[in-house]
Amino acid sequence: MHNKEILPNLDISPIVQKALKAGKPIVALESTIICHGMPYPQNIQTAEAVENIVVENGAIPATIAIIQGCLKVGLSSDEMNYLAKNGQNIPKISRRDLPFSLSQKSDGATTVAATMIIAAMANIKVFATGGIGGVHRDINDSLDISADLQELANTNVAVVCSGVKSILDIPRTLEYLETHGVPIIGYQTDKMPAFYTSESGSLVDYNCQSTDEIAKAMKIKWEMHFQGGIVVANPIPKKYSLPLNEINSVIKLALSEMKEKNIIGKKTTPFLLSKIAEKTKGKSLESNIQLVLNNASLAAQIARSFTELS
Ligand code: PSU
Ligand code: MN
């Protein structure tokens with residue numbers, strides 16, 4: 001394959017290769033959520049259910065990860081189980097870390113940023129996840145801004161998510177994305193969702209009623225050579241949405257524990273997600289699983305609309 005000559009480490013599974021050749025709709029999926037976002041066995045159950053939902057909605061799933069220094073696009077069931085079982089022992093890989101996974105031939109769970117990079121290399125335009133990273137609430141002390149935002153500024157992939165994780169500073173995250181020209185499309189909503197809840201108090205930039213409208217915006221942006229991604233914010237289904245007050249008080253407790261324990265850098269997001277799951281007695285984990293499934297289904301429909309346009 002053409003890509004293989006330039007990028008010897010890009011390993012696209014035969015199913016995904018076939019889909020690429022035939023111009024079929026494909027949805028990229030990330031692996032940090034498997035290794036660092038959820039415990040075993042919910043992580044493998046979710047990863048498999050997500051792939052199935054993509055298929056049920058007429059697209060081909062391509063879960064992305066790094067195995068022994070190889071950039072994998074489309075994982076076998078053994079590879080997925082291996083990642084799920086080894087969880088936090090698999091390094092979390094963002095843009096900064098990618099070259100080292102390759103040079104050291106190590107394994108890696110790819111964040112939204114790293115998954116976008118690899119998806120773009122494989123020419124996959126749509127990617128589904130839970131919630132993107134963003135500006136952290138303690139930004140003034142920590143200067144913690146997820147590399148996901150900078151990737152959205154530069155890499156041409158549409159990321160379908162349930163908004164920005166509620167552990168973050170949502171208004172500041174939106175300002176950052178605006179500065180970098182990244183539009184946030186609400187899917188059938190004016191309101192910016194916040195991961196566990198369908199509302200955050202902030203608004204989205206555009207409310208699209210159909211996947212066709214979303215696909216058109218993607219196509220126009222990239223045909224005009226406007227570099228960068230698009231965020232599609234898909235609210236968590238009402239049934240699984242947690243009350244804003246309840247989740248906010250849990251987040252505050254988790255944040256102060258994080259400070260006490262001096263947890264910084266790439267450990268913060270996994271720490272907060274697991275603390276919140278512990279404090280809500282698994283309710284937040286159930287919400288997290290359901291919102292990812294919901295995003296995978298929408299992403300497959302967007303991928304279909306996008307291929308119908310081309
Ligand atoms: N969404 C989830 N669970 C997760 C993540 C997103 O439902 O674990 C991960 C994504 O991989 C995202 C990362 O890129 O959290 C953000 O990490 P950081 O804040 O360190 O950039
Ligand atoms: Mn960070």
# chains A, B, ... in the order shown; residues from 1 in each chain; ligands from 1
>>> select_by_dssp(residues="stretch 5-58 of chain A", states="strand (DSSP E or B)", output="tab-separated table (two decimals) with N, CA and C atoms, in the first residue's frame")
chain	number	residue	atom	x	y	z
A	10	LEU	N	2.48	1.93	9.87
A	10	LEU	CA	1.02	2.00	9.79
A	10	LEU	C	0.48	0.64	9.36
A	11	ASP	N	-0.28	0.01	10.25
A	11	ASP	CA	-0.78	-1.34	9.99
A	11	ASP	C	-2.31	-1.33	9.97
A	12	ILE	N	-2.86	-1.28	8.78
A	12	ILE	CA	-4.32	-1.20	8.62
A	12	ILE	C	-4.87	-2.61	8.44
A	26	ILE	N	-16.30	4.59	7.39
A	26	ILE	CA	-15.47	4.01	8.46
A	26	ILE	C	-15.53	4.93	9.67
A	27	VAL	N	-15.54	4.35	10.86
A	27	VAL	CA	-15.50	5.15	12.09
A	27	VAL	C	-14.28	4.74	12.91
A	28	ALA	N	-13.41	5.71	13.18
A	28	ALA	CA	-12.25	5.47	14.05
A	28	ALA	C	-12.71	5.49	15.51
A	29	LEU	N	-12.05	4.65	16.32
A	29	LEU	CA	-12.36	4.58	17.76
A	29	LEU	C	-11.05	4.60	18.52
>>> residues_near_ligand(ligand="ligand 2", cutoff="8 Å", atoms="only C-alpha atoms and all ligand atoms", output="list in words")
Gly133, Gly134, His136, Asp144, Ile145, Ser146, Ala147, Ile264, Gly265, Lys266, Lys267, Thr268 and Thr269 of chain A
>>> residues_near_ligand(ligand="ligand 1", cutoff="9 Å", atoms="only C-alpha atoms and all ligand atoms", output="PyMOL selection string")
chain A and resi 30-38+92-94+109-115+129-136+144-149+161-162+164-165+168+195+265-270+273+285+288-289+291-292
>>> write_last_selection(atoms="N, CA and C atoms", output="compact mmCIF listing (two decimals), in the first residue's frame")
# COMPACT_ATOMS: atom_id res chain seq x y z
N GLU A 30 -11.06 5.17 19.72
CA GLU A 30 -9.79 5.33 20.45
C GLU A 30 -9.56 4.21 21.47
N SER A 31 -8.36 4.17 22.01
CA SER A 31 -8.04 3.10 22.97
C SER A 31 -7.68 3.59 24.37
N THR A 32 -7.47 4.91 24.56
CA THR A 32 -7.23 5.37 25.94
C THR A 32 -8.47 5.09 26.79
N ILE A 33 -9.62 5.24 26.19
CA ILE A 33 -10.85 4.97 26.92
C ILE A 33 -10.89 3.50 27.39
N ILE A 34 -10.31 2.60 26.60
CA ILE A 34 -10.27 1.18 26.99
C ILE A 34 -9.31 0.98 28.16
N CYS A 35 -8.10 1.51 28.03
CA CYS A 35 -7.04 1.22 29.02
C CYS A 35 -7.10 2.13 30.24
N HIS A 36 -7.52 3.38 30.06
CA HIS A 36 -7.43 4.34 31.17
C HIS A 36 -8.77 4.95 31.55
N GLY A 37 -9.79 4.72 30.74
CA GLY A 37 -11.07 5.39 30.99
C GLY A 37 -12.08 4.52 31.72
N MET A 38 -11.90 3.20 31.62
CA MET A 38 -12.86 2.27 32.23
C MET A 38 -12.14 1.07 32.80
N LYS A 92 -0.40 5.69 28.15
CA LYS A 92 -1.35 6.60 27.49
C LYS A 92 -0.57 7.48 26.53
N ILE A 93 -0.92 7.44 25.26
CA ILE A 93 -0.11 8.09 24.23
C ILE A 93 -0.85 9.24 23.58
N SER A 94 -0.27 10.43 23.70
CA SER A 94 -0.79 11.59 22.99
C SER A 94 0.26 12.01 21.94
N ALA A 109 -1.95 3.17 24.34
CA ALA A 109 -3.38 3.48 24.25
C ALA A 109 -3.48 4.91 23.75
N THR A 110 -4.13 5.10 22.62
CA THR A 110 -4.12 6.42 21.99
C THR A 110 -5.26 7.30 22.50
N THR A 111 -4.90 8.54 22.85
CA THR A 111 -5.89 9.55 23.28
C THR A 111 -6.64 10.05 22.05
N VAL A 112 -7.54 10.98 22.27
CA VAL A 112 -8.24 11.60 21.14
C VAL A 112 -7.22 12.21 20.18
N ALA A 113 -6.22 12.91 20.72
CA ALA A 113 -5.22 13.56 19.86
C ALA A 113 -4.48 12.53 19.01
N ALA A 114 -3.93 11.50 19.65
CA ALA A 114 -3.14 10.51 18.91
C ALA A 114 -4.02 9.71 17.96
N THR A 115 -5.26 9.44 18.36
CA THR A 115 -6.16 8.69 17.48
C THR A 115 -6.50 9.52 16.24
N THR A 129 -15.86 9.08 20.24
CA THR A 129 -15.29 8.88 21.58
C THR A 129 -16.34 9.25 22.63
N GLY A 130 -15.90 9.31 23.89
CA GLY A 130 -16.80 9.72 24.97
C GLY A 130 -16.84 11.23 25.08
N GLY A 131 -15.77 11.77 25.65
CA GLY A 131 -15.68 13.23 25.76
C GLY A 131 -14.26 13.65 25.43
N ILE A 132 -14.11 14.78 24.77
CA ILE A 132 -12.75 15.23 24.44
C ILE A 132 -12.10 15.85 25.69
N GLY A 133 -10.78 15.94 25.66
CA GLY A 133 -10.06 16.66 26.70
C GLY A 133 -10.27 18.16 26.51
N GLY A 134 -9.83 18.96 27.47
CA GLY A 134 -10.02 20.41 27.33
C GLY A 134 -9.18 21.19 28.31
N VAL A 135 -9.65 22.38 28.61
CA VAL A 135 -8.96 23.25 29.57
C VAL A 135 -9.39 22.81 30.97
N HIS A 136 -8.42 22.53 31.83
CA HIS A 136 -8.77 22.07 33.18
C HIS A 136 -9.21 23.22 34.07
N ASP A 144 -2.94 23.37 32.58
CA ASP A 144 -3.28 22.08 31.95
C ASP A 144 -4.35 22.25 30.87
N ILE A 145 -3.91 22.15 29.63
CA ILE A 145 -4.82 22.17 28.49
C ILE A 145 -4.55 20.90 27.69
N SER A 146 -5.57 20.09 27.49
CA SER A 146 -5.36 18.82 26.77
C SER A 146 -4.83 19.05 25.37
N ALA A 147 -3.91 18.18 24.96
CA ALA A 147 -3.39 18.22 23.59
C ALA A 147 -4.48 17.90 22.57
N ASP A 148 -5.61 17.37 23.05
CA ASP A 148 -6.75 17.11 22.14
C ASP A 148 -7.18 18.40 21.43
N LEU A 149 -7.12 19.52 22.15
CA LEU A 149 -7.62 20.79 21.57
C LEU A 149 -6.71 21.26 20.44
N CYS A 161 -18.59 13.32 20.06
CA CYS A 161 -18.42 13.11 21.49
C CYS A 161 -19.65 13.64 22.22
N SER A 162 -19.67 13.43 23.53
CA SER A 162 -20.79 13.99 24.31
C SER A 162 -20.36 15.32 24.92
N VAL A 164 -17.60 18.20 26.20
CA VAL A 164 -16.36 18.27 26.95
C VAL A 164 -16.63 17.63 28.30
N LYS A 165 -15.67 16.87 28.82
CA LYS A 165 -15.89 16.20 30.11
C LYS A 165 -16.19 17.24 31.21
N LEU A 168 -13.93 19.46 33.43
CA LEU A 168 -13.12 20.53 32.85
C LEU A 168 -13.80 21.89 32.97
N PHE A 195 -20.83 15.74 28.87
CA PHE A 195 -20.47 14.36 29.17
C PHE A 195 -21.57 13.67 29.98
N GLY A 265 -0.38 16.17 35.24
CA GLY A 265 -0.07 15.68 33.90
C GLY A 265 -1.10 14.70 33.39
N LYS A 266 -0.62 13.68 32.67
CA LYS A 266 -1.56 12.79 31.99
C LYS A 266 -2.33 11.87 32.93
N LYS A 267 -1.94 11.87 34.19
CA LYS A 267 -2.64 11.02 35.17
C LYS A 267 -3.96 11.65 35.62
N THR A 268 -4.15 12.96 35.40
CA THR A 268 -5.31 13.63 35.99
C THR A 268 -6.64 13.09 35.47
N THR A 269 -6.80 13.01 34.16
CA THR A 269 -8.10 12.60 33.61
C THR A 269 -8.48 11.19 34.05
N PRO A 270 -7.58 10.18 33.90
CA PRO A 270 -7.95 8.84 34.39
C PRO A 270 -8.27 8.81 35.89
N LEU A 273 -11.83 10.36 36.43
CA LEU A 273 -12.91 9.49 35.95
C LEU A 273 -13.14 8.32 36.90
N LEU A 285 -20.02 5.50 35.53
CA LEU A 285 -19.47 4.55 34.56
C LEU A 285 -20.55 4.09 33.59
N ASN A 288 -21.16 6.81 31.23
CA ASN A 288 -20.04 6.89 30.29
C ASN A 288 -20.20 5.83 29.18
N ILE A 289 -20.56 4.62 29.57
CA ILE A 289 -20.73 3.54 28.58
C ILE A 289 -21.85 3.90 27.60
N LEU A 291 -23.16 6.80 26.80
CA LEU A 291 -22.90 7.93 25.91
C LEU A 291 -21.94 7.56 24.78
N VAL A 292 -21.00 6.68 25.07
CA VAL A 292 -20.07 6.25 24.02
C VAL A 292 -20.83 5.46 22.94
>>> atom_distance(atom1="atom CA of A:Ser198", atom2="atom CA of A:Phe226")
29.6 Å
>>> atom_distance(atom1="atom CA of A:Ala19", atom2="atom CA of A:Phe100")
29.7 Å
>>> select_by_dssp(residues="stretch 12-198 of chain A", states="helix (DSSP H, G or I)", output="VMD selection string")
chain A and resid 14 to 22 32 to 37 42 to 56 77 to 89 98 to 104 112 to 121 139 to 142 147 to 154 170 to 179
>>> residues_around(residues="A:Ser77", least_positions_apart="5", cutoff="12 Å", atoms="only C-alpha atoms", output="PyMOL selection string")
chain A and resi 13+44-45+47-48+51+63+82-84
